[in-house]
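input-v6.tsv (TSV, C-alpha atoms)
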```tsv
chain	number	residue	atom	x	y	z
A	1	ASN	CA	-21.04	-0.14	6.02
A	2	ALA	CA	-18.19	2.26	5.34
A	3	ALA	CA	-18.91	4.15	8.57
A	4	VAL	CA	-18.74	0.94	10.60
A	5	VAL	CA	-15.44	-0.07	9.02
A	6	GLY	CA	-14.10	3.45	9.53
A	7	LEU	CA	-15.05	3.33	13.22
A	8	ILE	CA	-13.16	0.05	13.63
A	9	MET	CA	-10.10	1.52	11.89
A	10	VAL	CA	-10.22	4.61	14.12
A	11	THR	CA	-10.35	2.41	17.23
A	12	LEU	CA	-7.37	0.35	16.06
A	13	SER	CA	-5.46	3.53	15.17
A	14	LEU	CA	-5.53	4.77	18.78
A	15	VAL	CA	-2.68	2.48	19.86
A	16	PRO	CA	0.51	4.27	21.01
A	17	ASP	CA	2.80	2.75	18.36
A	18	LEU	CA	3.01	0.06	15.70
A	19	GLY	CA	4.43	-2.49	18.13
A	20	HIS	CA	0.91	-3.07	19.45
A	21	LEU	CA	-0.22	-4.15	15.97
A	22	SER	CA	2.53	-6.71	15.32
A	23	HIS	CA	0.30	-9.69	16.13
A	24	ALA	CA	-2.50	-8.35	13.93
A	25	SER	CA	-0.01	-7.96	11.08
A	26	ALA	CA	1.18	-11.56	11.45
A	27	ILE	CA	-2.40	-12.85	11.52
A	28	GLY	CA	-3.19	-10.75	8.46
A	29	LEU	CA	-0.35	-12.36	6.49
A	30	PHE	CA	-1.66	-15.82	7.40
A	31	VAL	CA	-5.18	-14.84	6.33
A	32	LEU	CA	-3.89	-13.49	3.01
A	33	LEU	CA	-1.97	-16.69	2.32
A	34	SER	CA	-5.02	-18.79	3.18
A	35	ALA	CA	-7.25	-16.66	0.95
A	36	PHE	CA	-4.92	-17.08	-2.02
A	37	VAL	CA	-4.82	-20.84	-1.42
A	38	VAL	CA	-8.63	-20.92	-1.54
A	39	ILE	CA	-8.77	-18.77	-4.68
A	40	ALA	CA	-6.08	-20.88	-6.37
A	41	GLY	CA	-8.07	-24.00	-5.50
A	42	TYR	CA	-11.14	-22.60	-7.26
A	43	GLY	CA	-8.98	-21.71	-10.25
A	44	ILE	CA	-7.52	-25.21	-10.49
A	45	LEU	CA	-10.95	-26.82	-10.23
A	46	LYS	CA	-12.51	-24.42	-12.71
A	47	GLU	CA	-12.81	-25.61	-16.30
A	48	ASN	CA	-11.82	-22.81	-18.64
A	49	GLU	CA	-13.38	-23.53	-21.99
A	50	GLN	CA	-12.10	-20.29	-23.52
A	51	GLN	CA	-8.43	-19.46	-23.34
A	52	PHE	CA	-7.22	-15.87	-23.13
A	53	PRO	CA	-3.68	-14.71	-23.95
A	54	MET	CA	-1.74	-13.36	-21.01
A	55	GLN	CA	-1.20	-9.61	-21.28
A	56	VAL	CA	1.96	-8.94	-19.29
A	57	TRP	CA	2.44	-5.20	-19.93
A	58	PRO	CA	-0.02	-2.29	-19.63
A	59	ASP	CA	-1.51	-1.25	-22.98
A	60	SER	CA	-2.26	2.41	-22.16
A	61	TRP	CA	-0.94	5.38	-20.19
A	62	SER	CA	-3.73	4.97	-17.63
A	63	GLY	CA	-2.74	1.32	-17.24
A	64	ILE	CA	0.87	2.34	-16.65
A	65	SER	CA	-0.30	4.88	-14.07
A	66	GLN	CA	-2.35	2.27	-12.21
A	67	TRP	CA	0.60	-0.13	-12.34
A	68	PHE	CA	2.86	2.58	-10.91
A	69	GLY	CA	0.39	3.39	-8.12
A	70	ILE	CA	-0.02	-0.24	-7.07
A	71	LEU	CA	3.75	-0.79	-7.26
A	72	VAL	CA	4.48	2.25	-5.08
A	73	PHE	CA	1.72	1.21	-2.67
A	74	GLY	CA	3.22	-2.26	-2.32
A	75	TYR	CA	6.79	-1.03	-1.76
A	76	GLY	CA	6.17	2.35	-0.14
A	77	VAL	CA	8.01	1.71	3.11
A	78	VAL	CA	9.15	5.30	3.70
A	79	PRO	CA	6.14	6.33	5.87
A	80	LEU	CA	6.60	3.17	7.94
A	81	THR	CA	10.35	3.39	8.41
A	82	TYR	CA	10.69	5.56	11.51
A	83	ASN	CA	7.78	4.00	13.40
A	84	VAL	CA	8.94	0.47	12.63
A	85	GLN	CA	12.53	1.34	13.58
A	86	GLU	CA	11.38	2.68	16.95
A	87	SER	CA	9.54	-0.60	17.59
A	88	MET	CA	12.54	-2.80	16.73
A	89	LYS	CA	14.73	-4.43	19.36
A	90	GLU	CA	17.78	-3.75	17.16
A	91	PRO	CA	17.02	-0.51	15.27
A	92	HIS	CA	20.45	-0.45	13.59
A	93	ARG	CA	19.44	-3.46	11.50
A	94	MET	CA	16.60	-1.55	9.81
A	95	VAL	CA	18.30	-1.32	6.41
A	96	MET	CA	19.10	-5.04	6.27
A	97	ALA	CA	15.63	-5.99	7.51
A	98	THR	CA	14.02	-3.77	4.87
A	99	SER	CA	16.16	-5.24	2.07
A	100	VAL	CA	15.38	-8.81	3.07
A	101	SER	CA	11.66	-8.20	3.55
A	102	LEU	CA	11.20	-6.30	0.27
A	103	SER	CA	13.10	-9.00	-1.64
A	104	ALA	CA	10.85	-11.67	-0.13
A	105	VAL	CA	7.75	-9.61	-0.91
A	106	ALA	CA	8.88	-9.13	-4.53
A	107	ALA	CA	9.38	-12.88	-4.99
A	108	VAL	CA	5.97	-13.67	-3.50
A	109	TYR	CA	4.28	-10.96	-5.62
A	110	VAL	CA	5.78	-12.37	-8.81
A	111	LEU	CA	4.85	-15.94	-7.91
A	112	ILE	CA	1.28	-15.18	-6.83
A	113	GLY	CA	0.69	-12.57	-9.55
A	114	ILE	CA	1.74	-14.76	-12.48
A	115	GLY	CA	0.18	-17.87	-10.93
A	116	MET	CA	-3.21	-16.24	-10.36
A	117	TYR	CA	-3.18	-14.57	-13.76
A	118	ARG	CA	-2.47	-17.94	-15.33
A	119	LEU	CA	-5.44	-19.48	-13.53
A	120	PHE	CA	-7.72	-16.52	-14.30
A	121	PRO	CA	-6.52	-15.00	-17.62
A	122	ASP	CA	-9.81	-13.10	-18.10
A	123	LEU	CA	-9.44	-11.27	-14.78
A	124	GLN	CA	-10.56	-7.62	-15.02
A	125	SER	CA	-10.85	-6.62	-11.34
A	126	ASP	CA	-9.38	-7.58	-7.98
A	127	ILE	CA	-8.85	-11.29	-7.41
A	128	VAL	CA	-11.69	-11.70	-4.87
A	129	HIS	CA	-14.25	-11.22	-7.66
A	130	VAL	CA	-13.39	-14.62	-9.14
A	131	LEU	CA	-14.87	-16.39	-6.12
A	132	PRO	CA	-18.44	-17.74	-6.43
A	133	GLN	CA	-21.15	-15.38	-5.22
A	134	SER	CA	-22.61	-17.97	-2.84
A	135	GLY	CA	-21.25	-20.67	-0.56
A	136	MET	CA	-19.79	-20.69	2.95
A	137	LEU	CA	-16.12	-20.87	1.94
A	138	PRO	CA	-16.23	-17.87	-0.46
A	139	VAL	CA	-18.13	-15.79	2.11
A	140	ILE	CA	-15.63	-16.67	4.85
A	141	THR	CA	-12.75	-15.81	2.51
A	142	ARG	CA	-14.26	-12.41	1.67
A	143	LEU	CA	-14.90	-11.64	5.34
A	144	ALA	CA	-11.33	-12.65	6.19
A	145	MET	CA	-9.98	-10.30	3.50
A	146	ILE	CA	-12.17	-7.47	4.81
A	147	GLY	CA	-10.83	-8.07	8.31
A	148	THR	CA	-7.26	-8.12	7.08
A	149	VAL	CA	-7.61	-4.81	5.22
A	150	THR	CA	-9.35	-3.24	8.22
A	151	VAL	CA	-6.71	-4.21	10.79
A	152	SER	CA	-3.89	-3.35	8.35
A	153	ALA	CA	-5.10	0.22	7.77
A	154	PRO	CA	-3.60	1.54	11.07
A	155	LEU	CA	-0.17	0.41	9.82
A	156	PHE	CA	-0.43	3.33	7.37
A	157	ILE	CA	-2.65	5.69	9.36
A	158	ILE	CA	-0.32	5.95	12.38
A	159	PRO	CA	2.94	6.66	10.45
A	160	CYS	CA	1.25	9.20	8.16
A	161	ALA	CA	-0.27	10.98	11.16
A	162	GLU	CA	3.14	11.12	12.84
A	163	LEU	CA	4.71	12.52	9.67
A	164	LEU	CA	2.04	15.22	9.45
A	165	LEU	CA	2.60	16.18	13.09
A	166	GLY	CA	6.36	16.00	12.85
A	167	GLY	CA	6.74	13.13	15.35
A	168	GLY	CA	8.75	13.35	18.53
A	169	GLY	CA	5.73	13.39	20.84
A	170	ARG	CA	5.58	17.20	20.86
A	171	PHE	CA	1.81	17.33	20.40
A	172	SER	CA	-0.99	16.48	22.80
A	173	LEU	CA	-2.81	13.15	22.70
A	174	THR	CA	-6.01	14.89	21.61
A	175	ARG	CA	-4.38	16.43	18.54
A	176	ARG	CA	-2.69	13.16	17.59
A	177	VAL	CA	-5.99	11.28	17.84
A	178	LEU	CA	-7.78	14.00	15.86
A	179	VAL	CA	-5.29	13.79	12.99
A	180	ARG	CA	-5.67	10.00	12.84
A	181	ILE	CA	-9.47	10.31	12.79
A	182	VAL	CA	-9.29	12.85	9.94
A	183	LEU	CA	-7.02	10.53	7.94
A	184	VAL	CA	-9.38	7.58	8.45
A	185	CYS	CA	-12.38	9.67	7.39
A	186	PHE	CA	-10.51	10.78	4.26
A	187	CYS	CA	-9.66	7.15	3.42
A	188	VAL	CA	-13.27	6.02	3.93
A	189	ILE	CA	-14.63	8.81	1.70
A	190	MET	CA	-12.15	7.95	-1.06
A	191	ALA	CA	-12.97	4.24	-0.79
A	192	VAL	CA	-16.69	4.95	-1.19
A	193	SER	CA	-16.15	7.43	-4.04
A	194	LEU	CA	-13.95	5.24	-6.21
A	195	PRO	CA	-15.50	2.39	-8.21
A	196	SER	CA	-13.14	-0.49	-7.39
A	197	PHE	CA	-10.47	-1.64	-4.97
A	198	VAL	CA	-7.88	-1.51	-7.75
A	199	LYS	CA	-8.65	2.18	-8.30
A	200	VAL	CA	-8.28	2.85	-4.58
A	201	LEU	CA	-4.87	1.17	-4.46
A	202	ALA	CA	-3.71	2.93	-7.61
A	203	LEU	CA	-4.83	6.39	-6.50
A	204	VAL	CA	-3.48	6.04	-2.96
A	205	GLY	CA	-0.20	4.77	-4.39
A	206	CYS	CA	0.09	7.48	-7.07
A	207	PHE	CA	-0.80	10.41	-4.82
A	208	CYS	CA	-0.26	9.64	-1.12
A	209	VAL	CA	2.45	6.96	-1.01
A	210	ALA	CA	4.37	8.40	-3.98
A	211	THR	CA	4.41	11.80	-2.28
A	212	PHE	CA	5.87	10.41	0.95
A	213	SER	CA	8.17	7.89	-0.76
A	214	CYS	CA	9.36	9.67	-3.91
A	215	CYS	CA	9.09	13.41	-3.13
A	216	VAL	CA	9.58	13.99	0.60
A	217	PRO	CA	12.86	12.02	1.13
A	218	PRO	CA	14.95	13.86	-1.51
A	219	ILE	CA	13.51	17.20	-0.34
A	220	LEU	CA	14.55	16.48	3.25
A	221	HIS	CA	17.95	15.19	2.13
A	222	LEU	CA	18.49	18.31	0.01
A	223	ARG	CA	17.66	20.49	3.00
A	224	LEU	CA	20.16	18.60	5.17
A	225	CYS	CA	22.85	18.96	2.50
A	226	LEU	CA	22.25	22.71	2.24
A	227	MET	CA	22.30	23.08	6.03
A	228	HIS	CA	25.70	21.36	6.21
A	229	ALA	CA	27.04	23.00	3.03
A	230	ARG	CA	27.35	19.68	1.19
A	231	PHE	CA	26.65	20.84	-2.33
A	232	THR	CA	27.77	17.62	-4.04
A	233	CYS	CA	24.33	16.05	-3.50
A	234	VAL	CA	22.30	19.04	-4.68
A	235	PHE	CA	22.22	18.01	-8.34
A	236	LEU	CA	21.23	14.40	-7.63
A	237	ASP	CA	18.58	15.44	-5.11
A	238	SER	CA	17.16	17.98	-7.58
A	239	ILE	CA	16.85	15.26	-10.25
A	240	LEU	CA	15.14	12.93	-7.78
A	241	ILE	CA	12.72	15.67	-6.70
A	242	LEU	CA	11.88	16.47	-10.32
A	243	CYS	CA	11.29	12.80	-11.17
A	244	GLY	CA	9.26	12.18	-8.02
A	245	VAL	CA	7.01	15.22	-8.44
A	246	SER	CA	6.51	14.56	-12.17
A	247	ALA	CA	5.65	10.90	-11.62
A	248	THR	CA	3.26	11.74	-8.78
A	249	VAL	CA	1.40	14.49	-10.66
A	250	VAL	CA	1.17	12.70	-14.02
A	251	THR	CA	0.15	9.27	-12.69
A	252	THR	CA	-2.39	10.77	-10.27
A	253	TYR	CA	-3.98	12.78	-13.07
A	254	LEU	CA	-4.13	9.79	-15.46
A	255	THR	CA	-5.53	7.52	-12.73
A	256	LEU	CA	-8.30	10.02	-11.96
A	257	GLN	CA	-9.08	10.35	-15.68
A	258	SER	CA	-9.36	6.61	-16.30
```

Please re-express this file's structure in C-alpha cells.
Amino acid sequence: NAAVVGLIMVTLSLVPDLGHLSHASAIGLFVLLSAFVVIAGYGILKENEQQFPMQVWPDSWSGISQWFGILVFGYGVVPLTYNVQESMKEPHRMVMATSVSLSAVAAVYVLIGIGMYRLFPDLQSDIVHVLPQSGMLPVITRLAMIGTVTVSAPLFIIPCAELLLGGGGRFSLTRRVLVRIVLVCFCVIMAVSLPSFVKVLALVGCFCVATFSCCVPPILHLRLCLMHARFTCVFLDSILILCGVSATVVTTYLTLQS
C-alpha cells in the first residue's frame, strides 16, 4: 500500500512547478472541509454518556515536542516561499498574501481544533479514528482524506528538492527527478516506520520543517550580513540560530523517545 501511494506521489512530483498543482490544492481544501463537516456530524449525533475534561495544554515534555512539531508543520511556509512566489502573478505581494493566509489558517485551526475536541473529548489519535469502522460515508471520507494527503505531498516535495539542489534550474532534469524520488521514498519509509499519523506530523515538523524554517533562514541572513559587512544583525541572527537549532534537536529527540 505504501509503495502504491509513493508511486502516485512521485508521479505528481514530476510537474515543473507548483503552479500545476494549484487546482489540486483547491480541491484538497474542499475535501478537508467536507471531511470535517462529516466528522462533526457524527460527533453531534453521538451520545456521550461519559464526560471527559478538556486538557488544553500538554502535560509532558514529549507532548510539548509533538505540539511544537505539528505547529511548525502547519505554519512552516519557508520551504514553499520561493516556489510559490515564482508562481504568483504579482510576486511583490508575497508578504501580504502570506500574512493574510496564515492568519486565516490560524483562525480555522482554533475553531476546528476546539470544536472537534469538544465533540470528542476522549480523542487520543488523529480525528479520522473517531469515524465508524463500517459504512459507505466513513469509507468515502477516509478515502478522500487519503487522496488529499497524497496530492498535497508534492507541495512539500518539490520545494524541498529545489532547496537541496540550490534552485535556479542549474541541474539537469534527471537529477531533479532523482532527488524528488529519493525524498518521496524517505517520506514513505518514515510513514511506515512510525506508529501513527500524529507521530509522522510531529517528527516531520520537529526535524525537517523546523530545520528549513527555524535554522536555515537566520544562517543565510547571517551570511548575507557578513558578506555586506552589516554587523548589526550578527547578534540577533546568532540568537535565532541558537534557538532554532536547540528547538529542532531537543524536540526531535523527545518525539523519537515518546

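Using only C-alpha atoms, every residue with an atom at most 10 Å from the point (-9.8, -11.3, 6.7) is listed here: Ile27, Gly28, Leu29, Phe30, Val31, Leu32, Ser34, Ala35, Ile140, Thr141, Arg142, Leu143, Ala144, Met145, Ile146, Gly147, Thr148, Val149, Thr150 and Val151 of chain A.
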
Can those selected residues be exported to a file as a short mmCIF file (atom, residue, chain, number, x, y, z; two decimals), keeping the file's coordinate frame so that it contains C-alpha atoms?
```cif
data_model
loop_
_atom_site.label_atom_id
_atom_site.label_comp_id
_atom_site.auth_asym_id
_atom_site.auth_seq_id
_atom_site.Cartn_x
_atom_site.Cartn_y
_atom_site.Cartn_z
CA ILE A 27 -2.40 -12.85 11.52
CA GLY A 28 -3.19 -10.75 8.46
CA LEU A 29 -0.35 -12.36 6.49
CA PHE A 30 -1.66 -15.82 7.40
CA VAL A 31 -5.18 -14.84 6.33
CA LEU A 32 -3.89 -13.49 3.01
CA SER A 34 -5.02 -18.79 3.18
CA ALA A 35 -7.25 -16.66 0.95
CA ILE A 140 -15.63 -16.67 4.85
CA THR A 141 -12.75 -15.81 2.51
CA ARG A 142 -14.26 -12.41 1.67
CA LEU A 143 -14.90 -11.64 5.34
CA ALA A 144 -11.33 -12.65 6.19
CA MET A 145 -9.98 -10.30 3.50
CA ILE A 146 -12.17 -7.47 4.81
CA GLY A 147 -10.83 -8.07 8.31
CA THR A 148 -7.26 -8.12 7.08
CA VAL A 149 -7.61 -4.81 5.22
CA THR A 150 -9.35 -3.24 8.22
CA VAL A 151 -6.71 -4.21 10.79
#
```

Of the residues A:Cys208, A:Val10, A:Leu222, A:Ile127, which is the one nearest to Arg176 of chain A, using only C-alpha atoms?
->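 Looking only at the distances to Arg176 of chain A, the closest residue turns out to be A:Val10.
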
Restricting the calculation to only C-alpha atoms, which member of A:Leu254, A:Leu165, A:Ile70, A:Leu155 is positioned closest to Val15 of chain A?
->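 Using only C-alpha atoms, Val15 of chain A sits closest to A:Leu155.
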
Contacts of Leu163 of chain A at 12 Å (only C-alpha atoms; same-chain gap of 4+ positions) as a VMD selection string = chain A and resid 78 to 83 156 to 159 167 to 169 176 179 to 180 211 to 213 216 to 217

Spatial neighbours of Pro132 of chain A, max dist 9 Å, only C-alpha atoms, sep filter under 6 positions, as a VMD selection string = chain A and resid 42 138 to 139

Find the residue from A:Val84, A:Ala106, A:Ile39, A:Val130 that sits nearest to Leu71 of chain A; use all atoms listed in the file when measuring.
-> A:Ala106

Separation of atom CA of Lys46 of chain A from atom CA of Gly74 of chain A, in Å and rounded to one decimal =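 These two atoms are separated by 29.1 Å.
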
Would you list the residues near (1.6, 3.4, -3.9), meaning any protein, DNA or RNA residue with an atom at most 7 Å from that point in file coordinates, counting only C-alpha atoms, as an MDAnalysis selection string?
-> chainID A and resid 69:74 76 201:202 204:206 209:210

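Nearest-residue note for Ile241 of chain A: choosing from A:Arg223, A:Thr11, A:Gln133, A:Arg93, the minimum distance belongs to A:Arg223, counting only C-alpha atoms.
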
Looking at only C-alpha atoms, which of A:Val198, A:Val184, A:Phe207, A:Gln257 is the one that sits closest to Gln66 of chain A?
->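 The answer is A:Val198, which sits nearest to Gln66 of chain A.
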
Which of these residues is nearest to Ile112 of chain A, using all atoms listed in the file: A:Ala229, A:Cys214, A:Ala161, A:Ala40?
-> A:Ala40

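Between atom CA of Tyr75 of chain A and atom CA of Ser103 of chain A there is a distance of 10.2 Å.
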
Please indicate the distance in Å from atom CA of Pro218 of chain A to atom CA of Pro91 of chain A, rounded to one decimal place.
->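 Distance reported for this atom pair: 22.2 Å.
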
Skip segment 116-121 of chain A itself and residues of its chain fewer than 2 positions away, then list as a PyMOL selection string all residues within 6 Å of it, counting all atoms listed in the file.
-> chain A and resi 43+52+112-114+123
